[in-house]
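Colleague: The structure under discussion is supplied below as structure tokens; questions concerning it will follow.
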Amino acid sequence: MELLTSSGPIIACSTNINSNTAIAIIRLSGFEDVEIFKDCFVLKEIKPRFAHFTKIVDQNKNLLDEIVLTYFKGPHSYTGENVLELSVHGNKVNVQRIINFFKKQYKFKEALPGEFSYRALKNNKLTLSQVEGLDLLINANSNFILNQGFSLLSGDLQDNYIELHKAFLNHRSAVELSIDFLDDVGEEQSEKNFNDSLKDLKAIINKLVKKVSNTENLISPEIVLFGDPNAGKSTLFNELLGDDRSIVTDIAGTTRDFITETINIDGNYFKLVDTAGIRISDDKVENEGIKRSKDKANKAFFKILLLNPNQINADLKSYLSINPDLVIITHIDNYNGDLEDFIKSIGPIEPAKSGPIEPSKNGPIEPAKSGPIEPAKSGPIEPEKSGPIEPEKSGPIEPVKNGPIEPVKCNLLTQATEITKLIQESVNNKYLLATSQNPLVLNRHKDQISKIYELVCNYSDLSEVESDISIISSELNSIGDCISELIGIVSPDDVLHNIFNNFCIGK
Amino acid sequence: MNEFDIIIVGGGHAGVEAAHIASQFTNLNIALISIPGIGLASAPCNPSIGGVGKGQVVREIDALGGIMPKLADMAGIQFRTLNESKGYAVQSTRVQIDKNLYSKFAESELSKIKNLTIILDKIIDIDKENNIFNVTSLDNKYKAKKLILTVGTFLNGKMHLGSEQTLGGRVDCESSGSLEGIFKNIKTLTQRFKTGTPPRLKYSSVDTSVMEEQPSDSSVRNFYKFNNPFERNLEQVSCYLARTNEATMKSIRDNLDKSPMYNGQINAVGARYCPSIEDKAARYPDKNNHHVFVEPETLEKTTFYPSGISSSLPRDVQDEIVHSIQGLEKAEIEVYGYAVEYDVLDTTELNMTLEHKKVPGLYFAGQVNGTSGYEEAAGQGLIAGSNAALAIMDKDPLIISRKEAYIGVMIEDLVSNTRDEPYRLFTARSENRLYIREDNSILRMYNYRKLLGLNNLHDHYNEMFNNLFIKFSSIISNTYISPNDAFLVNNEIKIPRRISLSELLKQANLDPINTLKLYFDYLRLDVGEDLINCLAISNKYAGYINKSNESSKKWNKLENKKLKWGELLKSENISFECKRRIEKIQPQTFGQLSRIEGIRPATLAAVAGSTL
């Protein structure tokens, strides 16, 4: 991490700087006194929270630009410091010239990624969760992530965490009360306090742990195509993409690395990944590629396995161990055997698991329910309606259901439209299911909540068998540390480090 | 003749302890100046020593060579272990004392000390000139190199009983002036503190037969390490448990407007953990049943101290309250309860030796520092007394880590934060509760005591105890026992396989202390009671202590990291507000920095990053 150490004035363009636009916004933060800018803005007074239509002139009174300027006096600003926001003409050269002017004339430094938000955090304008929310919001590629970003930023989620923290403090107080004030409170009351407050704590962490989902990577979900070389992955890739991004040839093993493009399905963005074919080969480069494609497939949000019945070279089991969401049997037109026999030879295909994690068995807390999840109410999808598609030659293509997967037989060239539609529906379905319970997406939160949940379960078990309250209470410390870390009350430097290392937001 | 190395002003528990430890440095000439008319180490409030957390402090004082434990045993009339059902680490000893005898024993013990002069005089002026303190009374002038002020509640003390107000630090004496009058640049808190005490009841007018009796427990170990563990100096008596009822609480609630605390007459803050009965009535409107511990104040059965009904309501209301309680219907009040408000020093201006940062050589200890409790006062007295003596001899100071003693917890809390209510020790204030116990106080304090360089009887005892502990600990870890060993068969103890003695003592169904005692008996080893307790309990907790140290390693690593606070003030990453707090407290370690109120996580993160 580049250290965000300086506390001097910083400047950055907050809007896209890579192309010419009508308006660009330049932000300046951390200057001592707005008075010093009176000359360059040609203003007698710069009023806080007031839009001034004015101009910028350099030291020789040459006009640099006409602008709209707003001044936010610290601490009532985003960073908590004095902040100026300049709406300038969004020409690239113009923006750079203005930034250079402030760097030279007023000793501003160009802000590092995240530096404005870091200052906001440092000055208690944002909490740790809000910074994370902001990052999520700015980089969101789906409505769901966008909403979760807002929820973090507005503090809804933080409120849940604070509720957890309060319940913990209540319980901790009950424990301390029973030790330090037993004479005042009495044995019976002290036991009741202990049990009641522990019950509350368990109820809240139980509620939170249900939000922790196993589903990999909802922030930047990937759809991965894998399977034999020449099974038709690149053809399908191009079909889904709608142009000729991937090289398609008849020679097995053309696609040696991943080819990634972004596609939009029903308003959400997915990364579509074409992997190298999995095949036993002497080619060292390709073997490495095969390993990586397996890894890639394992971590993907949606996995599509393509099988060419004419040439099953690799061990079929290794494909199936990846647990595909969809299996497509291609090249059916030039297959000489019985397709049904071929499908039987594959055996049942277990789909990838998703949904909430299974909590530890010994925990007295009721595990989160798994099994079928109701799609979100707002979801536009109605799978029943789309119904089976009737292609002319090779029979119907059935949409994906829960339970063992029925392979889809298709001719990629003649049934391109149908298969594209089927994939889009399946992906969309899975995404709606995965997000229907508003699962947490940030790994830091997920890990921390799972850890707290496990600690609370163990603690609760211990409190039933151990009579020595000093031993029981010493277990509370680690729960407290975890909860504090979750809400950022106490932030060991590595939490901060992690967050500012991982994000790069709007300067 | 009136020139001393150290003068201690104030003859309460802090002053007595300071004078006692300082005079163990036999080359120094010490004086204790106490106000005439009150005995030394008197007990103006509850007549007991010890309690939860405080019992540990008394044993720490014992291991450090103090006098409170010895006096408590000599004057003890009822012994009890608190939290007996809660586990060893949070069990504490409490001793009811005959308060007259306690004071008498304090005087006789101190008067035996050759290099200690006890002076009864009222100090009216203090100044410092060429590094010498001039201490002046109406008739005398005294000089000292170091001065320790242990003036309790006497700074601008004002007493309240109903609407009556009198100047004074307690019921039987007048107050002293303000500290500002003496030292211009020493600050007291703008918020004054308040404490109170319940009415005292004539012994013969109380019907104890209708109350729950709490007899003295003969299995409780004495405080003083040189005493035979269970031999009592005085006859033992009982305490009694009574309860308030609806009528009690109604008469308080009906008369709240007459309470100085509620009608605005007192502006000072009292401790939330030690509420007056008015506080309880107002704060818990639904609760009428509060405990009242009825404790004898002397062996001569003169008066009872009804713990739990401290009050400053007018006399007639106090009569009503007392008479509503079962067993106290006919009780006669000898001295009415009252509240006292007083000035408190801003302890963030003290360093860890309790020396004032702006007036080198001047130390403060006890209730003037905003603490409550005799034990807290004595603990500070011991630290101030030791450090004043060590400073004269140009030796390293005595600073006890909060990880090793409640005294350490208290001193660091005092100097790190401005008090907003009287400070009392609880076990909850320690992060290391499993380790800071009564049974291992000698192990914990051994090295600190040694640092004083006194090498007297206390040190010899500590050394012996420590060495034996190491020797027997190794026996416990290295002795293995098979299921059919005679020891197990004789005592009908069953184990599934060969295990170490250490593991055997951790078995959930065995009492570790008794089992270890049986084992040493079986080996015909004569091992002292104290050592067996310490060995068995240390063995039981060892795993848990390791585990809790492990889990908080991230912080522990940082905890003791030395800081140069001056450097932090130059850092660009620390906000102005945090810098001001750092400048004021001058934290020595990262741990201390992290406990300063208002220090932001970002500051901690920045400092952690740069010290690692």
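Simple scheme: letters A, B, ... for chains in structure tokens order, numbers from 1 for residues in each chain, numbers from 1 for ligands in the order shown.
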Contacts between range 473-480 of chain A and range 407-481 of chain B, please, where a residue of range 407-481 of chain B counts if it comes within 9 Å (with only C-alpha atoms); show its shortest atom pair and distance in Å to one decimal, rows by chain and ascending number, as a Markdown table.
Modeller:
| residue | atom | partner | partner_atom | distance |
| --- | --- | --- | --- | --- |
| B:Glu431 | CA | A:Asn477 | CA | 8.6 |
| B:Asn432 | CA | A:Ser474 | CA | 8.5 |
| B:Arg433 | CA | A:Ser474 | CA | 7.9 |
| B:Leu434 | CA | A:Ser474 | CA | 7.6 |
Colleague: Contacts of Glu341 in chain B at 7 Å or less, counting only C-alpha atoms, minus same-chain residues fewer than 6 places along, as a list in words?
Modeller: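 My reading of the contact set: Gly157, Lys158, Met159, Arg192, Phe193, Lys194, Thr195 and Ala268 of chain B.
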Colleague: Write out, as a compact mmCIF listing (two decimals), in the first residue's frame, the residues just selected, with N, CA and C atoms.
Modeller:
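File part23.txt, as written:
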# COMPACT_ATOMS: atom_id res chain seq x y z
N GLY B 157 -13.57 20.47 51.93
CA GLY B 157 -14.64 19.54 52.27
C GLY B 157 -15.87 20.25 52.82
N LYS B 158 -17.05 19.76 52.38
CA LYS B 158 -18.30 20.33 52.88
C LYS B 158 -19.27 19.19 53.13
N MET B 159 -19.84 19.16 54.37
CA MET B 159 -20.73 18.05 54.72
C MET B 159 -22.19 18.47 54.63
N ARG B 192 -16.54 18.59 41.48
CA ARG B 192 -16.22 18.02 42.79
C ARG B 192 -16.84 16.64 42.94
N PHE B 193 -16.29 15.83 43.84
CA PHE B 193 -16.82 14.50 44.09
C PHE B 193 -17.61 14.50 45.39
N LYS B 194 -18.44 13.46 45.49
CA LYS B 194 -19.27 13.34 46.68
C LYS B 194 -19.19 11.91 47.18
N THR B 195 -19.17 11.76 48.46
CA THR B 195 -19.30 10.42 49.01
C THR B 195 -20.22 10.51 50.21
N ALA B 268 -21.86 17.91 43.34
CA ALA B 268 -20.78 16.96 43.08
C ALA B 268 -21.34 15.62 42.60
Colleague: Which of these residues is nearest to chain A, using only C-alpha atoms: B:Asn447, B:Asn227, B:Ser548, B:Gln507?
Modeller: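 Residue with the minimum atom-to-atom distance to chain A: B:Ser548.
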Colleague: Please identify the strand (DSSP E) residues within range 33-282 of chain B (assignment by DSSP from backbone atoms) and present them as a PyMOL selection string.
Modeller: chain B and resi 33-34+48-50+76-82+92-97+116-120+123-129+132-137+141-149+158-161+164-167+193-197+200-202+212-214+239-243
Colleague: Store the residues picked out above in a file with C-alpha atoms, as a PDB file, in the first residue's frame.
Modeller:
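Final output, saved to part21.pdb:
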ATOM      1  CA  ILE B  33       1.877  14.502  60.011  1.00  0.00           C
ATOM      2  CA  SER B  34      -1.720  13.804  60.921  1.00  0.00           C
ATOM      3  CA  SER B  48     -14.089  -3.748  56.635  1.00  0.00           C
ATOM      4  CA  ILE B  49     -10.918  -4.424  54.644  1.00  0.00           C
ATOM      5  CA  GLY B  50     -10.905  -6.355  51.357  1.00  0.00           C
ATOM      6  CA  GLY B  76     -10.362  -8.810  62.213  1.00  0.00           C
ATOM      7  CA  ILE B  77     -13.650  -9.878  63.813  1.00  0.00           C
ATOM      8  CA  GLN B  78     -15.373 -11.624  60.878  1.00  0.00           C
ATOM      9  CA  PHE B  79     -13.727 -13.250  57.845  1.00  0.00           C
ATOM     10  CA  ARG B  80     -15.496 -14.140  54.615  1.00  0.00           C
ATOM     11  CA  THR B  81     -14.643 -15.275  51.092  1.00  0.00           C
ATOM     12  CA  LEU B  82     -16.720 -13.403  48.543  1.00  0.00           C
ATOM     13  CA  SER B  92     -11.751 -12.355  47.344  1.00  0.00           C
ATOM     14  CA  THR B  93     -11.258 -12.112  51.059  1.00  0.00           C
ATOM     15  CA  ARG B  94     -13.081  -9.569  53.178  1.00  0.00           C
ATOM     16  CA  VAL B  95     -12.441  -8.930  56.843  1.00  0.00           C
ATOM     17  CA  GLN B  96     -14.745  -6.998  59.155  1.00  0.00           C
ATOM     18  CA  ILE B  97     -12.575  -5.023  61.559  1.00  0.00           C
ATOM     19  CA  LEU B 116       9.550   7.414  61.565  1.00  0.00           C
ATOM     20  CA  THR B 117       8.283  10.446  63.494  1.00  0.00           C
ATOM     21  CA  ILE B 118       4.538  10.798  63.986  1.00  0.00           C
ATOM     22  CA  ILE B 119       3.471  14.427  64.376  1.00  0.00           C
ATOM     23  CA  LEU B 120      -0.055  15.560  65.241  1.00  0.00           C
ATOM     24  CA  ILE B 123      -0.769  22.052  58.173  1.00  0.00           C
ATOM     25  CA  ILE B 124      -1.822  25.441  56.881  1.00  0.00           C
ATOM     26  CA  ASP B 125       0.794  26.243  54.283  1.00  0.00           C
ATOM     27  CA  ILE B 126       3.207  24.500  51.949  1.00  0.00           C
ATOM     28  CA  ASP B 127       5.765  25.915  49.553  1.00  0.00           C
ATOM     29  CA  LYS B 128       8.779  24.714  47.626  1.00  0.00           C
ATOM     30  CA  GLU B 129      12.104  26.513  47.661  1.00  0.00           C
ATOM     31  CA  ILE B 132      13.029  21.703  49.531  1.00  0.00           C
ATOM     32  CA  PHE B 133       9.403  21.674  50.691  1.00  0.00           C
ATOM     33  CA  ASN B 134       8.513  23.998  53.567  1.00  0.00           C
ATOM     34  CA  VAL B 135       5.533  22.642  55.456  1.00  0.00           C
ATOM     35  CA  THR B 136       3.998  25.083  57.939  1.00  0.00           C
ATOM     36  CA  SER B 137       1.448  24.703  60.738  1.00  0.00           C
ATOM     37  CA  LYS B 141       7.809  24.705  60.395  1.00  0.00           C
ATOM     38  CA  TYR B 142       8.971  21.434  58.815  1.00  0.00           C
ATOM     39  CA  LYS B 143      11.288  20.801  55.868  1.00  0.00           C
ATOM     40  CA  ALA B 144      11.435  17.796  53.509  1.00  0.00           C
ATOM     41  CA  LYS B 145      13.104  16.691  50.261  1.00  0.00           C
ATOM     42  CA  LYS B 146       9.968  14.870  49.150  1.00  0.00           C
ATOM     43  CA  LEU B 147       6.396  15.522  50.139  1.00  0.00           C
ATOM     44  CA  ILE B 148       3.465  13.098  49.918  1.00  0.00           C
ATOM     45  CA  LEU B 149      -0.048  14.521  50.243  1.00  0.00           C
ATOM     46  CA  LYS B 158     -18.298  20.335  52.875  1.00  0.00           C
ATOM     47  CA  MET B 159     -20.729  18.051  54.719  1.00  0.00           C
ATOM     48  CA  HIS B 160     -24.456  17.739  54.116  1.00  0.00           C
ATOM     49  CA  LEU B 161     -27.142  16.348  56.404  1.00  0.00           C
ATOM     50  CA  GLU B 164     -27.585  21.481  57.190  1.00  0.00           C
ATOM     51  CA  GLN B 165     -24.170  22.225  55.737  1.00  0.00           C
ATOM     52  CA  THR B 166     -20.905  22.275  57.651  1.00  0.00           C
ATOM     53  CA  LEU B 167     -17.360  22.723  56.506  1.00  0.00           C
ATOM     54  CA  PHE B 193     -16.821  14.504  44.090  1.00  0.00           C
ATOM     55  CA  LYS B 194     -19.270  13.343  46.677  1.00  0.00           C
ATOM     56  CA  THR B 195     -19.297  10.421  49.009  1.00  0.00           C
ATOM     57  CA  GLY B 196     -21.683   9.431  51.742  1.00  0.00           C
ATOM     58  CA  THR B 197     -22.081   7.182  54.699  1.00  0.00           C
ATOM     59  CA  ARG B 200     -24.791   4.197  62.735  1.00  0.00           C
ATOM     60  CA  LEU B 201     -27.124   2.143  64.899  1.00  0.00           C
ATOM     61  CA  LYS B 202     -26.841   1.416  68.594  1.00  0.00           C
ATOM     62  CA  GLU B 212     -30.032 -13.833  58.134  1.00  0.00           C
ATOM     63  CA  GLU B 213     -26.843 -14.481  60.096  1.00  0.00           C
ATOM     64  CA  GLN B 214     -23.449 -14.544  58.369  1.00  0.00           C
ATOM     65  CA  CYS B 239     -22.803  -9.939  60.382  1.00  0.00           C
ATOM     66  CA  TYR B 240     -26.491  -9.927  59.459  1.00  0.00           C
ATOM     67  CA  LEU B 241     -28.498  -9.493  56.277  1.00  0.00           C
ATOM     68  CA  ALA B 242     -31.646  -7.361  56.347  1.00  0.00           C
ATOM     69  CA  ARG B 243     -33.740  -5.994  53.482  1.00  0.00           C
TER      70      ARG B 243
END
Colleague: Using only C-alpha atoms, pick whichever of B:Glu295, B:Glu320, B:Asp207, B:Asp217 has the shortest atom-to-atom distance to Ala247 in chain B.
Modeller: B:Glu320
Colleague: Just want the 7 Å neighbourhood of Ala120 in chain A, counted on only C-alpha atoms, with same-chain residues fewer than 3 positions away dropped. Output as an NGL selection string.
Modeller: :A and (78-80 or 116-117 or 123-126)
Colleague: List the neighbours of Val368 in chain B out to 8 Å using only C-alpha atoms; skip same-chain residues closer than 2 positions along the sequence, and give me the result as a list in words.
Modeller: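 Result of the neighbour search: Thr150, Val151, Gly152, Thr153, Leu155, Asp343, Val344, Leu345, Phe364, Ala365, Gly366, Gly370 and Thr371 of chain B.
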Colleague: Run DSSP on the backbone of this structure and report the residues of range 48-286 of chain A it assigns to helix (DSSP H, G or I), as number ranges by chain.
Modeller: A: 92-106, 115-122, 128-139, 143-154, 156-180, 182-185, 187-209, 233-241, 284-286
